[in-house]
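Visitor: File work_21.pdb follows (PDB, C-alpha atoms, pLDDT in the B column):
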```
ATOM      1  CA  MET V  12      20.558 -15.912 -14.911  1.00 43.00           C
ATOM      2  CA  GLU V  13      21.536 -19.384 -16.034  1.00 42.00           C
ATOM      3  CA  SER V  14      19.639 -22.533 -15.138  1.00 44.00           C
ATOM      4  CA  LEU V  15      20.990 -26.026 -15.724  1.00 51.00           C
ATOM      5  CA  ASN V  16      23.547 -24.779 -18.267  1.00 70.00           C
ATOM      6  CA  HIS V  17      21.004 -23.097 -20.525  1.00 76.00           C
ATOM      7  CA  PRO V  18      19.813 -19.504 -20.643  1.00 83.00           C
ATOM      8  CA  SER V  19      16.924 -18.237 -18.539  1.00 87.00           C
ATOM      9  CA  MET V  20      15.088 -15.431 -20.279  1.00 90.00           C
ATOM     10  CA  PRO V  21      12.028 -13.286 -19.689  1.00 91.00           C
ATOM     11  CA  LEU V  22       9.032 -13.906 -21.933  1.00 94.00           C
ATOM     12  CA  TYR V  23       8.440 -10.763 -23.973  1.00 95.00           C
ATOM     13  CA  LEU V  24       5.748  -9.610 -26.394  1.00 96.00           C
ATOM     14  CA  ALA V  25       7.366 -10.336 -29.805  1.00 96.00           C
ATOM     15  CA  ALA V  26      10.823  -9.890 -28.280  1.00 95.00           C
ATOM     16  CA  PRO V  27      13.605  -7.796 -29.799  1.00 93.00           C
ATOM     17  CA  MET V  28      16.223  -9.565 -31.869  1.00 90.00           C
ATOM     18  CA  SER V  29      18.786  -9.486 -29.060  1.00 91.00           C
ATOM     19  CA  TRP V  30      16.585 -11.994 -27.184  1.00 93.00           C
ATOM     20  CA  TYR V  31      16.832 -14.453 -30.083  1.00 94.00           C
ATOM     21  CA  LYS V  32      20.543 -13.779 -30.521  1.00 91.00           C
ATOM     22  CA  ALA V  33      21.098 -14.643 -26.841  1.00 89.00           C
ATOM     23  CA  VAL V  34      19.431 -18.061 -27.211  1.00 91.00           C
ATOM     24  CA  MET V  35      20.717 -18.932 -30.675  1.00 92.00           C
ATOM     25  CA  GLY V  36      22.191 -22.429 -30.747  1.00 92.00           C
ATOM     26  CA  GLN V  37      20.695 -23.395 -27.388  1.00 93.00           C
ATOM     27  CA  PRO V  38      18.622 -26.590 -27.354  1.00 95.00           C
ATOM     28  CA  VAL V  39      16.690 -25.450 -24.250  1.00 95.00           C
ATOM     29  CA  VAL V  40      15.644 -22.016 -23.013  1.00 93.00           C
ATOM     30  CA  THR V  41      14.020 -21.441 -19.644  1.00 91.00           C
ATOM     31  CA  LEU V  42      11.275 -18.813 -19.588  1.00 92.00           C
ATOM     32  CA  ILE V  43      11.094 -16.882 -16.342  1.00 88.00           C
ATOM     33  CA  ASN V  44       7.653 -16.695 -14.781  1.00 87.00           C
ATOM     34  CA  ASP V  45       8.032 -13.634 -12.586  1.00 81.00           C
ATOM     35  CA  ALA V  46       6.708 -13.886  -9.048  1.00 81.00           C
ATOM     36  CA  ARG V  47       5.282 -10.408  -9.564  1.00 85.00           C
ATOM     37  CA  PHE V  48       4.606  -8.796 -12.935  1.00 88.00           C
ATOM     38  CA  PRO V  49       7.148  -6.025 -13.535  1.00 85.00           C
ATOM     39  CA  LYS V  50       5.613  -2.818 -14.874  1.00 81.00           C
ATOM     40  CA  GLN V  51       6.711  -1.026 -18.032  1.00 80.00           C
ATOM     41  CA  THR V  52       8.716  -3.821 -19.584  1.00 86.00           C
ATOM     42  CA  LEU V  53       8.802  -5.599 -22.913  1.00 92.00           C
ATOM     43  CA  ARG V  54       6.438  -8.221 -21.504  1.00 94.00           C
ATOM     44  CA  GLN V  55       3.544  -6.099 -22.749  1.00 95.00           C
ATOM     45  CA  ARG V  56       5.302  -3.835 -25.286  1.00 95.00           C
ATOM     46  CA  CYS V  57       6.946  -4.270 -28.654  1.00 94.00           C
ATOM     47  CA  SER V  58       8.642  -1.860 -31.052  1.00 94.00           C
ATOM     48  CA  PHE V  59       8.238  -1.778 -34.802  1.00 94.00           C
ATOM     49  CA  MET V  60       9.002   0.624 -37.619  1.00 93.00           C
ATOM     50  CA  THR V  61       6.654   3.157 -39.181  1.00 91.00           C
ATOM     51  CA  VAL V  62       7.251   5.779 -41.837  1.00 90.00           C
ATOM     52  CA  GLU V  63       7.772   8.269 -38.969  1.00 91.00           C
ATOM     53  CA  GLY V  64      10.247   6.026 -37.143  1.00 92.00           C
ATOM     54  CA  PRO V  65       9.933   3.490 -34.324  1.00 94.00           C
ATOM     55  CA  ARG V  66       6.584   2.961 -32.605  1.00 95.00           C
ATOM     56  CA  VAL V  67       5.974   1.205 -29.313  1.00 96.00           C
ATOM     57  CA  PHE V  68       2.739  -0.741 -28.954  1.00 96.00           C
ATOM     58  CA  SER V  69       1.430  -1.809 -25.541  1.00 96.00           C
ATOM     59  CA  VAL V  70      -1.138  -4.516 -24.891  1.00 97.00           C
ATOM     60  CA  PRO V  71      -3.646  -3.133 -22.345  1.00 97.00           C
ATOM     61  CA  LEU V  72      -3.944  -5.044 -19.086  1.00 97.00           C
ATOM     62  CA  VAL V  73      -6.675  -5.516 -16.513  1.00 97.00           C
ATOM     63  CA  LYS V  74      -5.576  -3.146 -13.746  1.00 94.00           C
ATOM     64  CA  SER V  75      -6.507  -5.443 -10.881  1.00 94.00           C
ATOM     65  CA  SER V  76      -4.211  -8.177 -12.235  1.00 94.00           C
ATOM     66  CA  ARG V  77      -1.059  -6.069 -12.688  1.00 88.00           C
ATOM     67  CA  GLY V  78       0.383  -6.876  -9.255  1.00 86.00           C
ATOM     68  CA  LEU V  79      -0.091 -10.606  -9.687  1.00 91.00           C
ATOM     69  CA  PRO V  80       2.451 -13.168 -10.935  1.00 90.00           C
ATOM     70  CA  TYR V  81       3.074 -12.882 -14.668  1.00 92.00           C
ATOM     71  CA  ARG V  82       1.057 -16.016 -15.518  1.00 93.00           C
ATOM     72  CA  GLN V  83      -2.040 -14.417 -13.924  1.00 95.00           C
ATOM     73  CA  VAL V  84      -1.871 -10.983 -15.576  1.00 96.00           C
ATOM     74  CA  GLU V  85      -4.987 -10.576 -17.709  1.00 97.00           C
ATOM     75  CA  ILE V  86      -5.365  -8.745 -21.014  1.00 98.00           C
ATOM     76  CA  SER V  87      -8.009  -6.033 -21.170  1.00 98.00           C
ATOM     77  CA  TYR V  88     -10.434  -6.045 -24.079  1.00 98.00           C
ATOM     78  CA  GLN V  89     -12.147  -2.728 -23.294  1.00 97.00           C
ATOM     79  CA  SER V  90     -10.421  -1.222 -26.335  1.00 96.00           C
ATOM     80  CA  HIS V  91     -10.005  -2.739 -29.789  1.00 97.00           C
ATOM     81  CA  TRP V  92      -6.266  -3.180 -29.348  1.00 98.00           C
ATOM     82  CA  GLN V  93      -6.164  -6.302 -31.542  1.00 98.00           C
ATOM     83  CA  ASN V  94      -7.504  -4.391 -34.552  1.00 97.00           C
ATOM     84  CA  GLU V  95      -5.178  -1.473 -33.774  1.00 97.00           C
ATOM     85  CA  LEU V  96      -2.107  -3.717 -33.640  1.00 97.00           C
ATOM     86  CA  ILE V  97      -3.014  -5.642 -36.800  1.00 97.00           C
ATOM     87  CA  HIS V  98      -3.736  -2.401 -38.671  1.00 96.00           C
ATOM     88  CA  ALA V  99      -0.459  -0.874 -37.446  1.00 95.00           C
ATOM     89  CA  LEU V 100       1.499  -3.928 -38.615  1.00 96.00           C
ATOM     90  CA  GLN V 101      -0.275  -3.892 -41.999  1.00 97.00           C
ATOM     91  CA  THR V 102       0.431  -0.169 -42.413  1.00 95.00           C
ATOM     92  CA  SER V 103       4.058  -0.545 -41.371  1.00 95.00           C
ATOM     93  CA  TYR V 104       4.937  -3.784 -43.140  1.00 97.00           C
ATOM     94  CA  GLY V 105       2.337  -4.215 -45.891  1.00 96.00           C
ATOM     95  CA  LYS V 106       5.016  -3.399 -48.483  1.00 94.00           C
ATOM     96  CA  ALA V 107       7.788  -5.351 -46.766  1.00 96.00           C
ATOM     97  CA  PRO V 108       9.079  -8.163 -48.994  1.00 96.00           C
ATOM     98  CA  PHE V 109       7.879 -11.057 -46.825  1.00 98.00           C
ATOM     99  CA  PHE V 110       4.845  -9.624 -45.014  1.00 98.00           C
ATOM    100  CA  GLU V 111       2.300 -11.623 -47.025  1.00 97.00           C
ATOM    101  CA  TYR V 112       4.131 -14.879 -46.231  1.00 97.00           C
ATOM    102  CA  TYR V 113       3.970 -14.419 -42.463  1.00 97.00           C
ATOM    103  CA  ASP V 114       1.262 -11.913 -41.493  1.00 96.00           C
ATOM    104  CA  TYR V 115      -1.605 -14.400 -41.362  1.00 97.00           C
ATOM    105  CA  ARG V 116       0.265 -16.481 -38.787  1.00 97.00           C
ATOM    106  CA  PHE V 117       0.631 -13.571 -36.400  1.00 98.00           C
ATOM    107  CA  GLU V 118      -2.808 -12.152 -37.115  1.00 98.00           C
ATOM    108  CA  ALA V 119      -4.416 -15.408 -36.005  1.00 97.00           C
ATOM    109  CA  ILE V 120      -2.481 -15.328 -32.718  1.00 98.00           C
ATOM    110  CA  ILE V 121      -3.281 -11.661 -32.089  1.00 98.00           C
ATOM    111  CA  ARG V 122      -6.984 -12.101 -32.900  1.00 97.00           C
ATOM    112  CA  HIS V 123      -7.318 -15.102 -30.580  1.00 97.00           C
ATOM    113  CA  LYS V 124      -8.841 -13.741 -27.386  1.00 97.00           C
ATOM    114  CA  HIS V 125      -6.166 -14.823 -24.907  1.00 98.00           C
ATOM    115  CA  ARG V 126      -7.146 -14.287 -21.306  1.00 98.00           C
ATOM    116  CA  TYR V 127      -3.578 -14.015 -20.053  1.00 98.00           C
ATOM    117  CA  LEU V 128      -0.655 -11.998 -21.405  1.00 97.00           C
ATOM    118  CA  TRP V 129       1.663 -14.964 -20.780  1.00 97.00           C
ATOM    119  CA  ASP V 130      -0.344 -17.109 -23.192  1.00 98.00           C
ATOM    120  CA  LEU V 131      -0.295 -14.463 -25.946  1.00 98.00           C
ATOM    121  CA  ASN V 132       3.441 -13.947 -25.547  1.00 98.00           C
ATOM    122  CA  HIS V 133       4.146 -17.679 -25.434  1.00 97.00           C
ATOM    123  CA  MET V 134       2.235 -18.321 -28.666  1.00 98.00           C
ATOM    124  CA  LEU V 135       4.003 -15.399 -30.384  1.00 98.00           C
ATOM    125  CA  LEU V 136       7.351 -16.764 -29.225  1.00 98.00           C
ATOM    126  CA  GLU V 137       6.605 -20.245 -30.531  1.00 97.00           C
ATOM    127  CA  GLU V 138       5.552 -18.833 -33.909  1.00 98.00           C
ATOM    128  CA  THR V 139       8.586 -16.563 -34.251  1.00 98.00           C
ATOM    129  CA  LEU V 140      10.860 -19.503 -33.437  1.00 97.00           C
ATOM    130  CA  LYS V 141       9.158 -21.479 -36.236  1.00 97.00           C
ATOM    131  CA  CYS V 142       9.574 -18.593 -38.675  1.00 97.00           C
ATOM    132  CA  LEU V 143      13.255 -18.341 -37.800  1.00 96.00           C
ATOM    133  CA  ARG V 144      13.622 -22.137 -37.977  1.00 95.00           C
ATOM    134  CA  MET V 145      15.107 -22.215 -34.489  1.00 95.00           C
ATOM    135  CA  ASP V 146      14.587 -25.588 -32.829  1.00 94.00           C
ATOM    136  CA  VAL V 147      14.409 -24.646 -29.147  1.00 94.00           C
ATOM    137  CA  LYS V 148      12.665 -26.445 -26.298  1.00 95.00           C
ATOM    138  CA  LEU V 149      10.979 -24.027 -23.891  1.00 95.00           C
ATOM    139  CA  GLU V 150      10.848 -24.705 -20.151  1.00 93.00           C
ATOM    140  CA  ILE V 151       9.337 -22.550 -17.411  1.00 91.00           C
ATOM    141  CA  LEU V 152      11.068 -21.362 -14.227  1.00 87.00           C
ATOM    142  CA  HIS V 153       8.794 -20.060 -11.467  1.00 84.00           C
ATOM    143  CA  ALA V 154      10.820 -17.266  -9.900  1.00 80.00           C
ATOM    144  CA  GLU V 155      10.585 -16.655  -6.159  1.00 75.00           C
ATOM    145  CA  ALA V 156      11.448 -12.985  -6.613  1.00 70.00           C
ATOM    146  CA  TYR V 157      11.754 -10.468  -9.411  1.00 69.00           C
ATOM    147  CA  ILE V 158      14.690 -11.191 -11.694  1.00 71.00           C
ATOM    148  CA  PRO V 159      15.990  -8.124 -13.578  1.00 73.00           C
ATOM    149  CA  ASP V 160      15.812  -8.295 -17.350  1.00 79.00           C
ATOM    150  CA  PRO V 161      19.051  -8.860 -19.226  1.00 76.00           C
ATOM    151  CA  PRO V 162      20.360  -5.753 -20.987  1.00 75.00           C
ATOM    152  CA  LEU V 163      19.147  -5.334 -24.546  1.00 75.00           C
ATOM    153  CA  ILE V 164      21.846  -5.252 -27.178  1.00 72.00           C
ATOM    154  CA  THR V 165      21.184  -2.665 -29.863  1.00 70.00           C
ATOM    155  CA  ASP V 166      24.446  -2.773 -31.818  1.00 77.00           C
ATOM    156  CA  GLU V 167      22.810  -4.800 -34.578  1.00 84.00           C
ATOM    157  CA  LYS V 168      24.251  -4.832 -38.046  1.00 89.00           C
ATOM    158  CA  PRO V 169      21.845  -3.088 -40.421  1.00 92.00           C
ATOM    159  CA  TYR V 170      19.500  -5.269 -42.421  1.00 94.00           C
ATOM    160  CA  TYR V 171      16.751  -4.271 -44.814  1.00 95.00           C
ATOM    161  CA  GLN V 172      14.033  -2.183 -43.140  1.00 95.00           C
ATOM    162  CA  VAL V 173      11.104  -1.040 -45.254  1.00 93.00           C
ATOM    163  CA  PHE V 174      11.396   2.665 -44.292  1.00 92.00           C
ATOM    164  CA  ALA V 175      15.174   2.867 -43.914  1.00 93.00           C
ATOM    165  CA  ASP V 176      15.463   5.160 -46.941  1.00 92.00           C
ATOM    166  CA  LYS V 177      13.343   7.735 -45.040  1.00 91.00           C
ATOM    167  CA  THR V 178      14.194   7.085 -41.393  1.00 92.00           C
ATOM    168  CA  GLY V 179      17.556   5.360 -41.462  1.00 92.00           C
ATOM    169  CA  PHE V 180      18.139   1.999 -39.801  1.00 93.00           C
ATOM    170  CA  PHE V 181      16.793   1.527 -36.277  1.00 92.00           C
ATOM    171  CA  PRO V 182      18.106  -1.333 -34.101  1.00 92.00           C
ATOM    172  CA  GLY V 183      16.228  -2.909 -31.220  1.00 90.00           C
ATOM    173  CA  MET V 184      12.976  -3.554 -33.047  1.00 94.00           C
ATOM    174  CA  SER V 185      10.731  -6.539 -32.441  1.00 96.00           C
ATOM    175  CA  VAL V 186      11.750  -9.716 -34.219  1.00 97.00           C
ATOM    176  CA  LEU V 187       8.645  -9.185 -36.389  1.00 97.00           C
ATOM    177  CA  ASP V 188      10.559  -6.385 -38.124  1.00 97.00           C
ATOM    178  CA  LEU V 189      13.276  -8.847 -39.115  1.00 97.00           C
ATOM    179  CA  ILE V 190      10.821 -11.580 -40.176  1.00 98.00           C
ATOM    180  CA  PHE V 191       8.636  -9.308 -42.328  1.00 98.00           C
ATOM    181  CA  ASN V 192      11.645  -7.618 -43.960  1.00 97.00           C
ATOM    182  CA  GLU V 193      14.041 -10.539 -44.388  1.00 97.00           C
ATOM    183  CA  GLY V 194      11.780 -13.609 -44.440  1.00 96.00           C
ATOM    184  CA  VAL V 195      13.653 -16.850 -45.082  1.00 93.00           C
ATOM    185  CA  ASN V 196      16.946 -14.975 -44.706  1.00 95.00           C
ATOM    186  CA  ALA V 197      16.045 -13.751 -41.181  1.00 95.00           C
ATOM    187  CA  PHE V 198      17.933 -16.520 -39.368  1.00 95.00           C
ATOM    188  CA  HIS V 199      21.122 -15.798 -41.352  1.00 94.00           C
ATOM    189  CA  VAL V 200      20.837 -12.075 -40.638  1.00 93.00           C
ATOM    190  CA  LEU V 201      20.350 -12.836 -36.943  1.00 91.00           C
ATOM    191  CA  SER V 202      23.290 -15.242 -36.804  1.00 89.00           C
ATOM    192  CA  GLY V 203      25.518 -12.630 -38.463  1.00 84.00           C
ATOM    193  CA  MET V 204      24.782  -9.949 -35.869  1.00 74.00           C
TER
END
```
Show how you would write the structure in this file as structure tokens.

Guide:
Amino acid sequence: MESLNHPSMPLYLAAPMSWYKAVMGQPVVTLINDARFPKQTLRQRCSFMTVEGPRVFSVPLVKSSRGLPYRQVEISYQSHWQNELIHALQTSYGKAPFFEYYDYRFEAIIRHKHRYLWDLNHMLLEETLKCLRMDVKLEILHAEAYIPDPPLITDEKPYYQVFADKTGFFPGMSVLDLIFNEGVNAFHVLSGM
């Protein structure tokens, strides 16, 4: 969906690189605020590499809020998901070349006790855009109905992944994979895909 000659995109949890590739070079991106929260999407899930291969992490949600508009979907804190996610990222990327230069930024966002999933995802998006040095203005579109997600592109050119010697290269990972592995070169890798 296009709005006012700039892309309209869903707001994901640490989106895959294809999301960033789709908005590269755009001065404005419209974030779609779904009229009803779609289940089992990348809005609450992200993929990252482990020594065993890709892992999908899901942020737990308050069940009673799942049928509400995206901006009203609440995060559940009945489990210690923040510690689990931070530990998983440290285990997966602790030896990645640029992890120590970026991890504290994302840890602070993850540890902040956001009430709403939208707010967590929005802060992660703003931080990843800073890390990639992408100057993009974000606007919000309140959708009247569910808008299907754009297809994810997974034909990425290989870049350095910390476990690639054991698992091979896996496309479609969260942008965090690119940032922790490629650091200051991440934008150039993304623009070359």

Visitor: Going by the chain IDs and residue numbers used in this file, which residues fall under the PyMOL selection byres ((chain V and resi 38-43) around 12)? Write them as a VMD selection string.

Guide: chain V and resid 12 to 23 30 to 31 33 to 37 44 to 49 54 80 to 82 129 132 to 133 136 to 137 140 145 to 161

Visitor: On this file, the PyMOL selection byres ((chain V and resi 95-107) around 8) gives some set of residues; write that set as a list in words.

Guide: Phe59, Met60, Thr61, Val62, Phe68, His91, Trp92, Gln93, Asn94, Pro108, Phe109, Phe110, Glu111, Glu118, Ile121, Gln172, Val173, Asp188, Phe191 and Asn192 of chain V

Visitor: Which neighbours of V:Tyr113 fall inside 10 Å, counting only C-alpha atoms, when residues of the same chain fewer than 5 positions from it are skipped, and could you give them as a list in words?

Guide: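 In the requested form, the answer reads Glu118, Glu138, Thr139, Cys142, Leu187, Ile190, Phe191 and Gly194 of chain V.
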
Visitor: Listed atoms of stretch 94-112 of chain V, axis-aligned box, 4 Å per side: centre and edge lengths to one decimal in Å, as AutoDock Vina command-line options?

Guide:
```
--center_x 0.8 --center_y -7.5 --center_z -41.3 --size_x 24.6 --size_y 22.7 --size_z 23.4
```

Visitor: With all atoms listed in the file as the basis for distance, which of V:Val195, V:Leu128, V:Val200, V:Leu143 is at the shortest distance from V:Pro169?

Guide: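 For V:Pro169, the nearest of the given residues is V:Val200.
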
Visitor: Select, from V:Arg56, V:Arg122, V:Lys50, V:Lys177, the residue with the minimum atom-to-atom distance to V:Arg77, counting only C-alpha atoms.

Guide: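 Ranking V:Arg56, V:Arg122, V:Lys50, V:Lys177 by distance to V:Arg77, first place goes to V:Lys50.
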
Visitor: For the structure shown, which residues end up in the PyMOL selection byres ((chain V and resi 88) around 9)? Put them as a VMD selection string, please?

Guide: chain V and resid 71 to 73 86 to 87 89 to 93 124

Visitor: V:Phe198, V:Tyr127, V:Phe174, V:Tyr115: which is nearest V:Val186, counting only C-alpha atoms?

Guide: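 Comparing V:Phe198, V:Tyr127, V:Phe174, V:Tyr115 against V:Val186, the winner is V:Phe198.
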
Visitor: Rank nothing, just name the residue among V:Tyr170, V:Met184, V:Phe117, V:Thr178 nearest to V:His199, using all atoms listed in the file.

Guide: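 Checking each candidate against V:His199, we get V:Tyr170 as the closest.
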
Visitor: Could you tell me how far atom CA of V:Val84 lies from atom CA of V:Ala119, in Å and to one decimal?

Guide: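 Atom-to-atom, atom CA of V:Val84 to atom CA of V:Ala119, that is 21.1 Å.
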
Visitor: Quick one, how far is atom CA of V:His125 from atom CA of V:Ala25?

Guide: 15.1 Å

Visitor: Counting only C-alpha atoms, which residue out of V:Pro182, V:Arg66, V:Gly78, V:Lys168 sits closest to V:Ser202?

Guide: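 Smallest separation from V:Ser202 among the options: V:Lys168.
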
Visitor: Go through V:Ala26, V:Arg126, V:Tyr112, V:Phe181 one by one, measure the shortest atom-to-atom distance of each to V:Gly64 using only C-alpha atoms, and give the residue with the smallest value.

Guide: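 Of the candidates, the smallest distance to V:Gly64 is held by V:Phe181.
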
Visitor: Could you jot down the atom CA of V:Ser76 to atom CA of V:Gln55 separation for me, Å, one decimal place?

Guide: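 Pair atom CA of V:Ser76 / atom CA of V:Gln55 returns 13.2 Å.
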
Visitor: Can you save stretch 44-59 of chain V of the given block to a file, including N, CA and C atoms and formatted as a PDB file, in the first residue's frame?

Guide:
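Written file, out-v3.pdb:
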```
ATOM      1  N   ASN V  44      -1.122   1.395  11.493  1.00  0.00           N
ATOM      2  CA  ASN V  44      -1.716   1.028  12.774  1.00  0.00           C
ATOM      3  C   ASN V  44      -2.955   0.210  12.463  1.00  0.00           C
ATOM      4  N   ASP V  45      -2.817  -1.106  12.551  1.00  0.00           N
ATOM      5  CA  ASP V  45      -3.906  -2.002  12.176  1.00  0.00           C
ATOM      6  C   ASP V  45      -5.153  -1.768  13.016  1.00  0.00           C
ATOM      7  N   ALA V  46      -6.305  -1.817  12.355  1.00  0.00           N
ATOM      8  CA  ALA V  46      -7.575  -1.664  13.045  1.00  0.00           C
ATOM      9  C   ALA V  46      -7.778  -2.816  14.030  1.00  0.00           C
ATOM     10  N   ARG V  47      -7.257  -3.961  13.693  1.00  0.00           N
ATOM     11  CA  ARG V  47      -7.308  -5.123  14.581  1.00  0.00           C
ATOM     12  C   ARG V  47      -5.957  -5.808  14.509  1.00  0.00           C
ATOM     13  N   PHE V  48      -5.406  -6.176  15.642  1.00  0.00           N
ATOM     14  CA  PHE V  48      -4.078  -6.780  15.698  1.00  0.00           C
ATOM     15  C   PHE V  48      -4.078  -8.138  15.012  1.00  0.00           C
ATOM     16  N   PRO V  49      -3.276  -8.310  13.979  1.00  0.00           N
ATOM     17  CA  PRO V  49      -3.221  -9.608  13.297  1.00  0.00           C
ATOM     18  C   PRO V  49      -2.355 -10.595  14.090  1.00  0.00           C
ATOM     19  N   LYS V  50      -2.861 -11.790  14.273  1.00  0.00           N
ATOM     20  CA  LYS V  50      -2.145 -12.808  15.039  1.00  0.00           C
ATOM     21  C   LYS V  50      -1.013 -13.418  14.226  1.00  0.00           C
ATOM     22  N   GLN V  51      -0.030 -13.931  14.934  1.00  0.00           N
ATOM     23  CA  GLN V  51       1.090 -14.674  14.373  1.00  0.00           C
ATOM     24  C   GLN V  51       1.776 -13.934  13.224  1.00  0.00           C
ATOM     25  N   THR V  52       2.207 -12.727  13.520  1.00  0.00           N
ATOM     26  CA  THR V  52       2.932 -11.944  12.530  1.00  0.00           C
ATOM     27  C   THR V  52       4.233 -11.455  13.148  1.00  0.00           C
ATOM     28  N   LEU V  53       5.004 -10.762  12.360  1.00  0.00           N
ATOM     29  CA  LEU V  53       6.280 -10.225  12.830  1.00  0.00           C
ATOM     30  C   LEU V  53       6.095  -9.004  13.730  1.00  0.00           C
ATOM     31  N   ARG V  54       4.878  -8.644  14.032  1.00  0.00           N
ATOM     32  CA  ARG V  54       4.639  -7.535  14.957  1.00  0.00           C
ATOM     33  C   ARG V  54       5.072  -7.901  16.380  1.00  0.00           C
ATOM     34  N   GLN V  55       5.058  -9.189  16.686  1.00  0.00           N
ATOM     35  CA  GLN V  55       5.474  -9.624  18.018  1.00  0.00           C
ATOM     36  C   GLN V  55       6.609 -10.646  17.975  1.00  0.00           C
ATOM     37  N   ARG V  56       7.126 -10.947  16.790  1.00  0.00           N
ATOM     38  CA  ARG V  56       8.166 -11.963  16.627  1.00  0.00           C
ATOM     39  C   ARG V  56       9.354 -11.418  15.850  1.00  0.00           C
ATOM     40  N   CYS V  57      10.534 -11.926  16.206  1.00  0.00           N
ATOM     41  CA  CYS V  57      11.719 -11.617  15.408  1.00  0.00           C
ATOM     42  C   CYS V  57      12.601 -12.863  15.349  1.00  0.00           C
ATOM     43  N   SER V  58      13.376 -12.958  14.281  1.00  0.00           N
ATOM     44  CA  SER V  58      14.262 -14.099  14.064  1.00  0.00           C
ATOM     45  C   SER V  58      15.702 -13.671  14.187  1.00  0.00           C
ATOM     46  N   PHE V  59      16.495 -14.492  14.847  1.00  0.00           N
ATOM     47  CA  PHE V  59      17.931 -14.237  14.933  1.00  0.00           C
ATOM     48  C   PHE V  59      18.667 -15.566  14.940  1.00  0.00           C
TER      49      PHE V  59
END
```
